[in-house]
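File shown: input-v3.cif. Contents: mmCIF, C-alpha atoms.
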data_data
#
loop_
_atom_site.label_atom_id
_atom_site.label_comp_id
_atom_site.auth_asym_id
_atom_site.auth_seq_id
_atom_site.Cartn_x
_atom_site.Cartn_y
_atom_site.Cartn_z
CA MET A 1191 118.56 114.77 106.57
CA LEU A 1192 121.76 115.09 108.73
CA VAL A 1193 119.89 113.55 111.67
CA THR A 1194 118.77 110.61 109.50
CA ARG A 1195 122.28 110.08 108.14
CA SER A 1196 123.91 110.05 111.62
CA PHE A 1197 121.12 107.76 112.83
CA LEU A 1198 121.78 105.34 109.98
CA GLN A 1199 125.54 105.48 110.46
CA GLU A 1200 125.01 104.59 114.11
CA TYR A 1201 123.15 101.48 113.01
CA LYS A 1202 125.95 100.65 110.62
CA CYS A 1203 128.44 100.82 113.50
CA THR A 1204 126.23 98.60 115.65
CA PHE A 1205 125.97 96.15 112.76
CA ILE A 1206 129.75 96.02 112.28
CA PHE A 1207 130.38 95.76 116.04
CA CYS A 1208 127.97 92.87 116.39
CA ASN A 1209 129.72 90.96 113.60
CA LEU A 1210 133.11 90.93 115.37
CA PRO A 1211 134.09 87.40 116.57
CA THR A 1212 133.38 86.85 120.30
CA PRO A 1213 133.80 83.68 122.35
CA LEU A 1214 130.46 83.92 124.16
CA SER A 1215 127.30 82.50 122.47
CA PHE A 1216 125.26 85.01 124.45
CA SER A 1217 126.88 87.85 122.56
CA LEU A 1218 126.33 85.99 119.25
CA ASN A 1219 122.61 85.68 120.00
CA LYS A 1220 122.57 89.31 120.94
CA CYS A 1221 124.18 90.12 117.60
CA ALA A 1222 121.65 88.02 115.68
CA ALA A 1223 118.83 89.78 117.52
CA ALA A 1224 120.42 93.14 116.83
CA LYS A 1225 120.83 92.17 113.15
CA MET A 1226 117.14 91.22 112.94
CA SER A 1227 115.98 94.35 114.65
CA THR A 1228 118.27 96.38 112.41
CA MET A 1229 116.71 94.83 109.33
CA PHE A 1230 113.20 95.53 110.54
CA ALA A 1231 114.22 99.06 111.49
CA ASP A 1232 115.58 99.49 107.95
CA THR A 1233 112.29 98.27 106.50
CA ILE A 1234 110.29 100.74 108.56
CA LEU A 1235 112.78 103.49 107.80
CA ILE A 1236 112.45 102.91 104.06
CA VAL A 1237 108.65 103.08 104.27
CA PHE A 1238 109.01 106.31 106.25
CA ILE A 1239 111.46 107.72 103.67
CA SER A 1240 109.02 106.79 100.91
CA VAL A 1241 106.15 108.61 102.65
CA CYS A 1242 108.34 111.67 103.20
CA THR A 1243 109.56 111.76 99.61
CA ALA A 1244 106.01 111.37 98.30
CA LEU A 1245 104.88 114.28 100.49
CA LEU A 1246 107.92 116.29 99.43
CA ALA A 1247 107.18 115.65 95.75
CA GLU A 1248 103.57 116.73 96.17
CA GLY A 1249 104.67 119.75 98.18
CA ILE A 1250 107.11 120.87 95.49
CA THR A 1251 104.47 120.31 92.83
CA TRP A 1252 101.92 122.29 94.83
CA VAL A 1253 104.30 125.23 95.28
CA LEU A 1254 105.40 125.29 91.64
CA VAL A 1255 102.28 124.13 89.84
CA TYR A 1256 99.05 123.36 91.68
CA ARG A 1257 98.54 126.74 93.30
CA THR A 1258 99.10 128.73 90.05
CA GLU A 1259 96.02 130.22 88.37
CA LYS A 1260 97.10 128.93 84.97
CA TYR A 1261 97.17 125.32 86.17
CA LYS A 1262 93.79 125.62 87.94
CA ARG A 1263 92.22 127.13 84.85
CA LEU A 1264 93.69 124.52 82.49
CA LYS A 1265 92.74 121.65 84.77
CA ALA A 1266 89.14 122.82 85.09
CA GLU A 1267 88.98 123.28 81.31
CA VAL A 1268 90.39 119.80 80.62
CA GLU A 1269 88.01 118.13 83.05
CA LYS A 1270 85.01 119.96 81.67
CA GLN A 1271 85.94 119.11 78.08
CA SER A 1272 86.74 115.47 78.91
CA LYS A 1273 83.38 114.94 80.58
CA LYS A 1274 81.56 116.67 77.72
CA LEU A 1275 83.41 114.59 75.14
CA GLU A 1276 82.75 111.36 77.00
CA LYS A 1277 79.04 112.11 77.22
CA LYS A 1278 78.93 112.94 73.51
CA LYS A 1279 80.74 109.74 72.57
CA GLU A 1280 78.31 107.71 74.65
CA THR A 1281 75.26 109.15 72.96
CA ILE A 1282 76.60 109.12 69.40
CA THR A 1283 76.08 106.02 67.21
CA GLU A 1284 78.02 104.49 64.32
CA SER A 1285 75.61 105.92 61.80
CA ALA A 1286 76.03 109.52 63.08
CA GLY A 1287 76.41 112.30 60.51
CA ARG A 1288 79.77 113.56 59.22
CA GLN A 1289 79.23 116.93 60.83
CA GLN A 1290 78.81 115.40 64.29
CA LYS A 1291 81.89 113.26 63.83
CA LYS A 1292 83.89 116.28 62.73
CA LYS A 1293 82.62 118.21 65.73
CA ILE A 1294 83.85 115.46 68.03
CA GLU A 1295 87.21 115.34 66.28
CA ARG A 1296 87.57 119.09 66.73
CA GLN A 1297 86.74 118.78 70.43
CA GLU A 1298 89.27 115.96 70.79
CA GLU A 1299 91.90 118.13 69.13
CA LYS A 1300 91.09 120.98 71.49
CA LEU A 1301 91.32 118.66 74.49
CA LYS A 1302 94.62 117.26 73.28
CA ASN A 1303 96.04 120.79 73.04
CA ASN A 1304 94.83 121.63 76.53
CA ASN A 1305 96.34 118.41 77.88
CA ARG A 1306 99.62 119.28 76.23
CA ASP A 1307 99.59 122.74 77.82
CA LEU A 1308 98.81 121.14 81.19
CA SER A 1309 101.76 118.77 80.79
CA MET A 1310 104.02 121.71 79.94
CA VAL A 1311 102.99 123.46 83.13
CA ARG A 1312 103.76 120.32 85.15
CA MET A 1313 107.16 119.96 83.44
CA LYS A 1314 108.65 122.61 85.78
CA SER A 1315 107.89 120.61 88.88
CA MET A 1316 109.00 117.36 87.20
CA PHE A 1317 112.47 118.82 86.61
CA ALA A 1318 112.72 120.10 90.17
CA ILE A 1319 111.54 116.78 91.62
CA GLY A 1320 113.84 114.80 89.32
CA PHE A 1321 116.82 116.87 90.41
CA CYS A 1322 116.01 116.55 94.15
CA PHE A 1323 115.31 112.86 93.94
CA THR A 1324 118.47 112.05 91.99
CA ALA A 1325 120.48 113.62 94.82
CA LEU A 1326 118.39 111.84 97.48
CA MET A 1327 118.63 108.46 95.75
CA GLY A 1328 122.39 108.80 95.46
CA MET A 1329 122.62 109.44 99.19
CA PHE A 1330 120.28 106.59 100.18
CA ASN A 1331 121.98 104.16 97.83
CA SER A 1332 125.32 104.83 99.46
CA ILE A 1333 123.83 104.46 102.95
CA PHE A 1334 121.98 101.21 102.21
CA ASP A 1335 124.60 99.80 99.84
CA GLY A 1336 125.10 96.06 100.36
CA ARG A 1337 122.50 95.92 103.15
CA VAL A 1338 119.64 93.46 103.28
CA VAL A 1339 116.73 95.65 104.30
CA ALA A 1340 113.95 93.02 104.28
CA LYS A 1341 113.20 89.37 103.55
CA LEU A 1342 110.88 88.66 100.67
CA PRO A 1343 108.26 85.96 101.28
CA PHE A 1344 108.69 84.84 97.66
CA VAL A 1345 111.52 84.41 95.17
CA PRO A 1346 111.17 87.14 92.51
CA LEU A 1347 111.23 86.41 88.79
CA SER A 1348 114.70 86.33 87.20
CA TYR A 1349 114.39 89.71 85.47
CA ILE A 1350 113.30 91.35 88.72
CA GLN A 1351 116.14 89.78 90.70
CA GLY A 1352 118.50 92.33 89.19
CA LEU A 1353 116.53 94.99 91.08
CA SER A 1354 115.55 93.08 94.22
CA HIS A 1355 119.04 91.64 94.81
CA ARG A 1356 120.98 94.72 93.66
CA ASN A 1357 124.49 95.03 95.19
CA LEU A 1358 123.76 92.24 97.69
CA LEU A 1359 126.16 89.39 98.43
CA GLY A 1360 125.16 85.72 98.29
CA GLU A 1361 122.69 83.74 96.22
CA ASP A 1362 119.67 84.03 98.53
CA TYR A 1363 117.22 85.87 96.29
CA THR A 1364 114.75 86.40 99.09
CA ASP A 1365 117.11 89.09 100.37
CA CYS A 1366 115.63 92.46 99.48
CA SER A 1367 117.71 95.48 98.55
CA PHE A 1368 116.81 99.10 99.31
CA ILE A 1369 115.82 100.07 95.78
CA PHE A 1370 113.24 97.30 95.31
CA LEU A 1371 111.44 98.03 98.57
CA TYR A 1372 111.61 101.77 97.90
CA ILE A 1373 110.05 101.37 94.46
CA LEU A 1374 107.24 99.21 95.86
CA CYS A 1375 106.58 101.72 98.64
CA THR A 1376 106.55 104.64 96.23
CA MET A 1377 104.14 102.87 93.86
CA SER A 1378 101.70 102.17 96.66
CA ILE A 1379 102.06 105.26 98.82
CA ARG A 1380 102.37 108.09 96.30
CA GLN A 1381 99.13 107.51 94.45
CA ASN A 1382 97.22 107.00 97.69
CA ILE A 1383 98.61 110.27 99.05
CA GLN A 1384 97.62 112.06 95.85
CA LYS A 1385 94.09 110.67 96.06
CA MET A 1386 93.78 111.49 99.75
CA LEU A 1387 94.91 115.07 99.20
CA GLY A 1388 92.64 115.41 96.17
CA LEU A 1389 95.54 116.14 93.83
CA ALA A 1390 95.13 113.21 91.47
CA PRO A 1391 93.89 114.10 87.96
CA SER A 1392 90.33 113.03 87.13
CA ARG A 1393 89.80 109.78 85.27
CA ALA A 1394 88.23 111.40 82.24
CA ALA A 1395 91.23 113.70 81.82
CA THR A 1396 93.67 110.79 82.29
CA LYS A 1397 91.82 108.73 79.70
CA GLN A 1398 91.87 111.52 77.14
CA ALA A 1399 95.49 112.37 77.98
CA GLY A 1400 96.41 108.85 76.91
CA GLY A 1401 96.03 110.21 73.38
CA PHE A 1402 98.94 112.56 73.98
CA LEU A 1403 101.35 109.63 74.06
CA GLY A 1404 99.41 107.34 71.77
CA PRO A 1405 96.12 107.27 69.89
CA PRO A 1406 93.10 107.97 72.10
CA PRO A 1407 90.90 104.96 72.77
CA GLN A 1408 88.02 105.82 70.41
CA ALA A 1409 89.81 107.81 67.73
CA ALA A 1410 89.61 104.96 65.21
CA LYS A 1411 85.84 104.82 65.58
CA PHE A 1412 85.35 108.18 63.95
CA SER A 1413 88.19 108.22 61.44
CA MET B 585 55.94 149.49 91.92
CA CYS B 586 52.53 151.11 91.35
CA LYS B 587 52.88 150.49 87.61
CA THR B 588 53.97 146.89 87.93
CA LEU B 589 51.37 145.90 90.51
CA PRO B 590 48.35 146.25 88.23
CA ARG B 591 50.18 144.34 85.51
CA LEU B 592 51.07 141.66 87.99
CA SER B 593 47.55 141.45 89.21
CA THR B 594 46.25 140.98 85.66
CA GLU B 595 48.65 138.17 85.05
CA ILE B 596 47.91 136.54 88.38
CA CYS B 597 44.23 136.81 87.59
CA GLN B 598 44.65 134.94 84.39
CA LEU B 599 46.47 132.15 86.11
CA SER B 600 44.71 131.93 89.43
CA ARG B 601 41.33 132.51 87.80
CA ALA B 602 40.39 135.42 90.03
CA LYS B 603 37.01 136.96 89.19
CA SER B 604 38.24 140.51 88.70
CA PRO B 605 41.54 142.37 88.81
CA GLN B 606 40.20 144.80 91.41
CA ASN B 607 39.94 141.98 93.91
CA ILE B 608 43.66 141.42 93.64
CA PHE B 609 44.40 144.88 94.98
CA LYS B 610 42.72 143.75 98.19
CA TYR B 611 45.35 141.06 98.41
CA SER B 612 48.29 143.30 97.56
CA GLY B 613 49.18 143.54 101.23
CA VAL B 614 48.87 139.78 101.54
CA LEU B 615 50.92 139.33 98.39
CA CYS B 616 53.77 141.07 100.09
CA SER B 617 53.81 138.53 102.88
CA PHE B 618 56.48 135.89 102.64
CA SER B 619 54.34 132.78 102.83
CA VAL B 620 51.94 133.92 100.10
CA ARG B 621 54.89 134.79 97.89
CA TRP B 622 56.29 131.31 98.21
CA ARG B 623 52.89 129.73 97.64
CA LEU B 624 52.43 131.86 94.54
CA LYS B 625 55.84 130.81 93.31
CA LEU B 626 54.83 127.18 93.63
CA CYS B 627 51.43 127.64 91.99
CA LEU B 628 52.37 129.86 89.11
CA SER B 629 53.85 128.06 86.20
CA ARG B 630 55.25 131.15 84.50
CA LYS B 631 58.56 132.06 86.06
CA GLN B 632 58.64 135.60 84.60
CA ILE B 633 55.89 136.81 86.95
CA TRP B 634 57.95 135.82 89.94
CA PHE B 635 61.17 137.23 88.54
CA LYS B 636 59.49 140.50 87.64
CA THR B 637 58.27 141.26 91.12
CA PHE B 638 59.32 139.38 94.23
CA GLY B 639 61.53 136.60 92.97
CA PRO B 640 64.85 138.01 91.85
CA VAL B 641 66.50 138.60 95.22
CA PHE B 642 65.44 135.30 96.77
CA VAL B 643 65.89 133.07 93.76
CA LYS B 644 69.26 134.48 92.78
CA LYS B 645 70.59 134.16 96.32
CA LYS B 646 69.29 130.62 96.57
CA SER B 647 70.73 129.60 93.18
CA ARG B 648 74.05 131.23 94.09
CA MET B 649 74.15 129.36 97.38
CA SER B 650 73.06 126.04 95.92
CA SER B 651 75.50 126.26 93.00
CA SER B 652 78.42 127.17 95.30
CA SER B 653 77.56 124.41 97.74
CA LYS B 654 77.09 122.04 94.80
CA ARG B 655 80.50 123.09 93.47
CA LYS B 656 82.00 122.52 96.92
CA GLU B 657 80.53 119.04 96.98
CA GLU B 658 81.71 118.40 93.43
CA SER B 659 85.24 119.59 94.15
CA HIS B 660 85.33 117.42 97.23
CA LEU B 661 84.17 114.47 95.19
CA LEU B 662 86.58 115.04 92.33
CA ASN B 663 90.03 113.48 92.30
CA GLY B 664 89.44 110.71 94.82
CA GLY B 665 87.86 112.46 97.78
CA VAL B 666 85.10 110.48 99.38
CA LYS B 667 82.22 111.98 101.38
CA GLN B 668 80.63 110.48 104.43
CA SER B 669 77.40 109.80 102.57
CA THR B 670 79.38 108.01 99.85
CA TRP B 671 80.56 105.46 102.40
CA GLY B 672 77.01 105.13 103.62
CA LYS B 673 75.95 104.33 100.05
CA ALA B 674 78.87 101.93 99.66
CA PHE B 675 77.53 99.71 102.43
CA CYS B 676 73.92 99.79 101.19
CA SER B 677 72.96 97.32 98.55
CA ASN B 678 71.61 98.60 95.25
CA ALA B 679 72.60 102.20 95.96
CA VAL B 680 72.12 104.85 93.30
CA TRP B 681 75.41 106.31 92.02
CA GLU B 682 74.87 109.64 90.25
CA GLU B 683 78.58 110.17 89.62
CA LYS B 684 80.57 107.39 87.99
CA ASP B 685 83.77 108.67 89.60
CA GLU B 686 82.19 108.35 93.03
CA PHE B 687 81.62 104.62 92.61
CA LEU B 688 85.05 104.09 91.05
CA ASP B 689 86.64 105.82 94.06
CA VAL B 690 84.76 103.45 96.37
CA ILE B 691 86.08 100.49 94.35
CA TYR B 692 89.59 101.95 94.54
CA TRP B 693 89.59 102.39 98.31
CA PHE B 694 88.00 98.98 98.90
CA ARG B 695 90.89 97.45 96.94
CA GLN B 696 93.43 99.25 99.12
CA ILE B 697 91.70 98.06 102.30
CA ILE B 698 91.59 94.46 101.02
CA ALA B 699 95.30 94.71 100.11
CA ILE B 700 96.22 95.84 103.64
CA ILE B 701 94.11 93.13 105.32
CA LEU B 702 95.42 90.33 103.10
CA GLY B 703 99.01 91.61 103.46
CA VAL B 704 98.72 91.41 107.25
CA ILE B 705 97.13 87.92 107.16
CA TRP B 706 99.65 86.60 104.64
CA GLY B 707 102.54 88.04 106.66
CA VAL B 708 101.31 86.64 109.98
CA ALA B 709 100.27 83.17 108.66
CA PRO B 710 102.86 83.12 106.82
CA LEU B 711 101.94 82.35 103.25
CA ASN B 712 104.99 82.15 101.01
CA GLY B 713 105.72 82.04 97.32
CA PHE B 714 103.73 82.90 94.24
CA LEU B 715 100.77 81.01 95.65
CA GLY B 716 100.27 83.91 98.02
CA ILE B 717 100.33 86.40 95.15
CA ALA B 718 97.95 84.30 93.05
CA ILE B 719 95.46 83.88 95.90
CA PHE B 720 95.62 87.63 96.58
CA CYS B 721 94.81 88.42 92.93
CA VAL B 722 91.89 85.98 92.91
CA ILE B 723 90.44 87.24 96.19
CA ASN B 724 90.91 90.92 95.29
CA ALA B 725 89.30 90.60 91.87
CA GLY B 726 86.64 88.11 93.01
CA LEU B 727 85.48 90.00 96.08
CA LEU B 728 85.12 93.27 94.21
CA TYR B 729 83.34 91.53 91.34
CA VAL B 730 80.81 90.08 93.76
CA TYR B 731 80.46 93.52 95.36
CA PHE B 732 79.68 95.47 92.20
CA SER B 733 77.72 92.81 90.34
CA SER B 734 75.68 91.21 93.13
CA PHE B 735 75.66 93.65 96.04
CA GLN B 736 75.45 96.95 94.18
CA GLN B 737 74.00 95.42 90.98
CA ILE B 738 75.43 98.12 88.75
CA ASP B 739 75.43 98.08 84.98
CA GLU B 740 79.04 97.25 84.07
CA GLU B 741 78.63 98.68 80.58
CA GLU B 742 78.07 102.11 82.07
CA TYR B 743 81.59 101.99 83.54
CA GLY B 744 83.28 100.60 80.43
CA GLY B 745 82.85 96.92 81.20
CA THR B 746 83.94 94.46 83.91
CA TRP B 747 87.62 94.82 82.95
CA GLU B 748 87.63 98.57 83.66
CA LEU B 749 86.11 97.98 87.07
CA THR B 750 88.53 95.12 87.78
CA LYS B 751 91.63 97.11 86.93
CA GLU B 752 90.55 100.21 88.88
CA GLY B 753 93.29 100.67 91.50
CA PHE B 754 94.58 97.11 91.03
CA MET B 755 98.28 97.88 90.55
CA THR B 756 98.39 100.27 93.50
CA SER B 757 96.65 97.72 95.71
CA PHE B 758 99.08 95.02 94.55
CA ALA B 759 102.09 97.16 95.45
CA LEU B 760 100.52 97.99 98.83
CA PHE B 761 99.83 94.31 99.45
CA LEU B 762 103.46 93.42 98.73
CA VAL B 763 104.76 96.15 101.05
CA VAL B 764 102.52 95.10 103.95
CA TRP B 765 103.26 91.40 103.36
CA ILE B 766 107.03 92.03 103.31
CA ILE B 767 106.89 94.17 106.47
CA PHE B 768 104.92 91.62 108.50
CA TYR B 769 106.88 88.67 107.16
CA THR B 770 110.21 90.34 107.96
CA ALA B 771 109.04 91.40 111.42
CA LEU B 772 107.50 88.09 112.53
CA HIS B 773 109.09 85.23 110.62
CA PHE B 774 112.57 86.05 109.55
CA ASP B 775 114.80 83.40 110.91
#
Do you think you could lay out the structure here as structure tokens?
Amino acid sequence: MLVTRSFLQEYKCTFIFCNLPTPLSFSLNKCAAAKMSTMFADTILIVFISVCTALLAEGITWVLVYRTEKYKRLKAEVEKQSKKLEKKKETITESAGRQQKKKIERQEEKLKNNNRDLSMVRMKSMFAIGFCFTALMGMFNSIFDGRVVAKLPFVPLSYIQGLSHRNLLGEDYTDCSFIFLYILCTMSIRQNIQKMLGLAPSRAATKQAGGFLGPPPQAAKFS
Amino acid sequence: MCKTLPRLSTEICQLSRAKSPQNIFKYSGVLCSFSVRWRLKLCLSRKQIWFKTFGPVFVKKKSRMSSSSKRKEESHLLNGGVKQSTWGKAFCSNAVWEEKDEFLDVIYWFRQIIAIILGVIWGVAPLNGFLGIAIFCVINAGLLYVYFSSFQQIDEEEYGGTWELTKEGFMTSFALFLVVWIIFYTALHFD
């Protein structure tokens, strides 16, 4: 972290130095080239930071949650129940008996409870990650404050411009701020890392867990 | 062993239609041989004969091994992991997909690959504006639709319909496309 900060501050100094007025056009061109390479270096650095933070988040979650017996047991239980429930829902018809429908409702209730317990177990890591990342974001925001880190090949929609052009001078909305690029990188990289490491929850469990925040997809069918 | 062998021989007689139980005692030595045991196992329809005498050690070991290796395969397949044979199936037309998740993972990773390729092409070309985004969406959705409906010829209803297959991994691939596009555009065309 200290190495990264000193590295970034060095770039800041280079940036400021290159913007000082000089009589020679050669030095101006050199400054423009340095500016461009600085911007590209920032872009690559932000992607690298995003990869590191995604790995850090998964690492923290693994230490606090994934390797615990309770989590493994709950996860296996949820996946088993989700698959069972899905298979039952596929085979059952509209004219199924009341007993069968009640059985399914009971299984859904059981699954919902297990999902809730699973979420509680993950809550620990979410707090830890939230705390770390708030500190990290504060640091990166101060480092990249007012800096154009990339050029967007499109003009974002007006309600996204608040994020993509955050703390940047000028009216050129193709200038990209740190936070927008970081969010895009996190959205793309984190889920891929989770899938590659085999840490993503199964689809059946995710589908049933949707009922924890809102009604499950087929609840109305049997009510 | 002496008590069970006559009983076994009677049962085997009934199934293998031997002329008399006494003849079976001639084959008791042969019965102990491995190959005859396995042939008997295949011929005899009643599992309890096998389990009573020669079967338990071999069958239990085999079932333990097969279930643990099956579990290993299953755990490797769960949560997005993709086996070598899965990719082999992905490039064969009309492949049989036993696990729904397996095919959905293939769709997911194909979307990510398409996003990276199109991001590079759009960044190098360069293709600017919302036209680039629109063309990406059309190509991404269209290519995968052709893949699962024409190439693999799967039953969309089994996977929850065309919409479920279309939205599998779409947002992640869109974000990845934007990142790659921005990187290449910034690197090659910023003026």
Exercise. Which protein, DNA or RNA residues have an atom at most 12 Å from (92.4, 91.4, 93.2), counting only C-alpha atoms? List them as JSON, numbers by chain.
Worked result: {"B": [691, 692, 694, 695, 696, 697, 698, 699, 700, 702, 716, 717, 718, 719, 720, 721, 722, 723, 724, 725, 726, 727, 728, 729, 730, 747, 749, 750, 751, 752, 753, 754, 755, 756, 757, 758, 759, 760, 761]}
Problem set entry | Between atom CA of Gly707 of chain B and atom CA of Met1327 of chain A, distance in Å (one decimal) | 28.2 Å
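With all atoms listed in the file as the atoms that count, the residue of A:Met1377, A:Cys1366, A:Cys1242, A:Ala1247 with the shortest distance to Ala1340 of chain A is A:Cys1366.
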For this session: Have a look at B:Gln737, B:Thr746, B:Val764, B:Lys673 and name the one nearest to chain A; count all atoms listed in the file.
Result: B:Val764
Exercise. Near chain A, which residues of chain B fall within 10 Å when you count all atoms listed in the file, and what do they look like as number ranges by chain?
Worked result: B: 659-666, 684-685, 688-689, 692-693, 696, 706-707, 710-717, 742, 753, 755-775
Exercise. Mind pulling up the distance from atom CA of Trp681 of chain B to atom CA of Lys1278 of chain A?
Worked result: 20.0 Å
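From atom CA of Leu1235 of chain A back to atom CA of Phe1317 of chain A, the distance works out to 26.2 Å.
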Exercise. Contacts of Asn1304 of chain A at 9 Å or less, counting all atoms listed in the file, minus same-chain residues fewer than 5 places along, as number ranges by chain?
Worked result: A: 1264-1265, 1267-1268, 1299, 1309
Evaluating the PyMOL selection byres ((chain A and resi 1355) around 12) on the displayed file yields which residues, as an mmCIF file with C-alpha atoms, in the frame of the given file?
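Done, and the output landed in result21.cif:
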data_model
loop_
_atom_site.group_PDB
_atom_site.id
_atom_site.type_symbol
_atom_site.label_atom_id
_atom_site.label_comp_id
_atom_site.auth_asym_id
_atom_site.auth_seq_id
_atom_site.Cartn_x
_atom_site.Cartn_y
_atom_site.Cartn_z
ATOM 1 C CA ASP A 1335 124.600 99.800 99.840
ATOM 2 C CA GLY A 1336 125.100 96.060 100.360
ATOM 3 C CA ARG A 1337 122.500 95.920 103.150
ATOM 4 C CA VAL A 1338 119.640 93.460 103.280
ATOM 5 C CA VAL A 1339 116.730 95.650 104.300
ATOM 6 C CA ALA A 1340 113.950 93.020 104.280
ATOM 7 C CA LYS A 1341 113.200 89.370 103.550
ATOM 8 C CA LEU A 1342 110.880 88.660 100.670
ATOM 9 C CA VAL A 1345 111.520 84.410 95.170
ATOM 10 C CA PRO A 1346 111.170 87.140 92.510
ATOM 11 C CA LEU A 1347 111.230 86.410 88.790
ATOM 12 C CA SER A 1348 114.700 86.330 87.200
ATOM 13 C CA TYR A 1349 114.390 89.710 85.470
ATOM 14 C CA ILE A 1350 113.300 91.350 88.720
ATOM 15 C CA GLN A 1351 116.140 89.780 90.700
ATOM 16 C CA GLY A 1352 118.500 92.330 89.190
ATOM 17 C CA LEU A 1353 116.530 94.990 91.080
ATOM 18 C CA SER A 1354 115.550 93.080 94.220
ATOM 19 C CA ARG A 1356 120.980 94.720 93.660
ATOM 20 C CA ASN A 1357 124.490 95.030 95.190
ATOM 21 C CA LEU A 1358 123.760 92.240 97.690
ATOM 22 C CA LEU A 1359 126.160 89.390 98.430
ATOM 23 C CA GLY A 1360 125.160 85.720 98.290
ATOM 24 C CA GLU A 1361 122.690 83.740 96.220
ATOM 25 C CA ASP A 1362 119.670 84.030 98.530
ATOM 26 C CA TYR A 1363 117.220 85.870 96.290
ATOM 27 C CA THR A 1364 114.750 86.400 99.090
ATOM 28 C CA ASP A 1365 117.110 89.090 100.370
ATOM 29 C CA CYS A 1366 115.630 92.460 99.480
ATOM 30 C CA SER A 1367 117.710 95.480 98.550
ATOM 31 C CA PHE A 1368 116.810 99.100 99.310
ATOM 32 C CA ILE A 1369 115.820 100.070 95.780
ATOM 33 C CA PHE A 1370 113.240 97.300 95.310
ATOM 34 C CA LEU A 1371 111.440 98.030 98.570
#
Exercise. Once the PyMOL selection byres ((chain A and resi 1255) around 12) has been applied to the shown file, what residues remain in the selection, as a ChimeraX atom specification?
Worked result: /A:1247-1254,1256-1265,1308-1319,1389
For this session: Find the residues near Leu1326 of chain A: any atom within 12 Å, counting all atoms listed in the file, skip ones fewer than 5 places away on the same chain, and give them as a ChimeraX atom specification.
Result: /A:1191,1195,1239-1240,1242-1243,1246-1247,1319-1321,1331-1333
For this session: For Ile738 of chain B, list every protein, DNA or RNA residue within 9 Å, evaluated using all atoms listed in the file, and leave out those in the same chain fewer than 6 positions away; present the list as a list in words.
Result: Asn678, Ala679, Val680, Trp681 and Phe732 of chain B
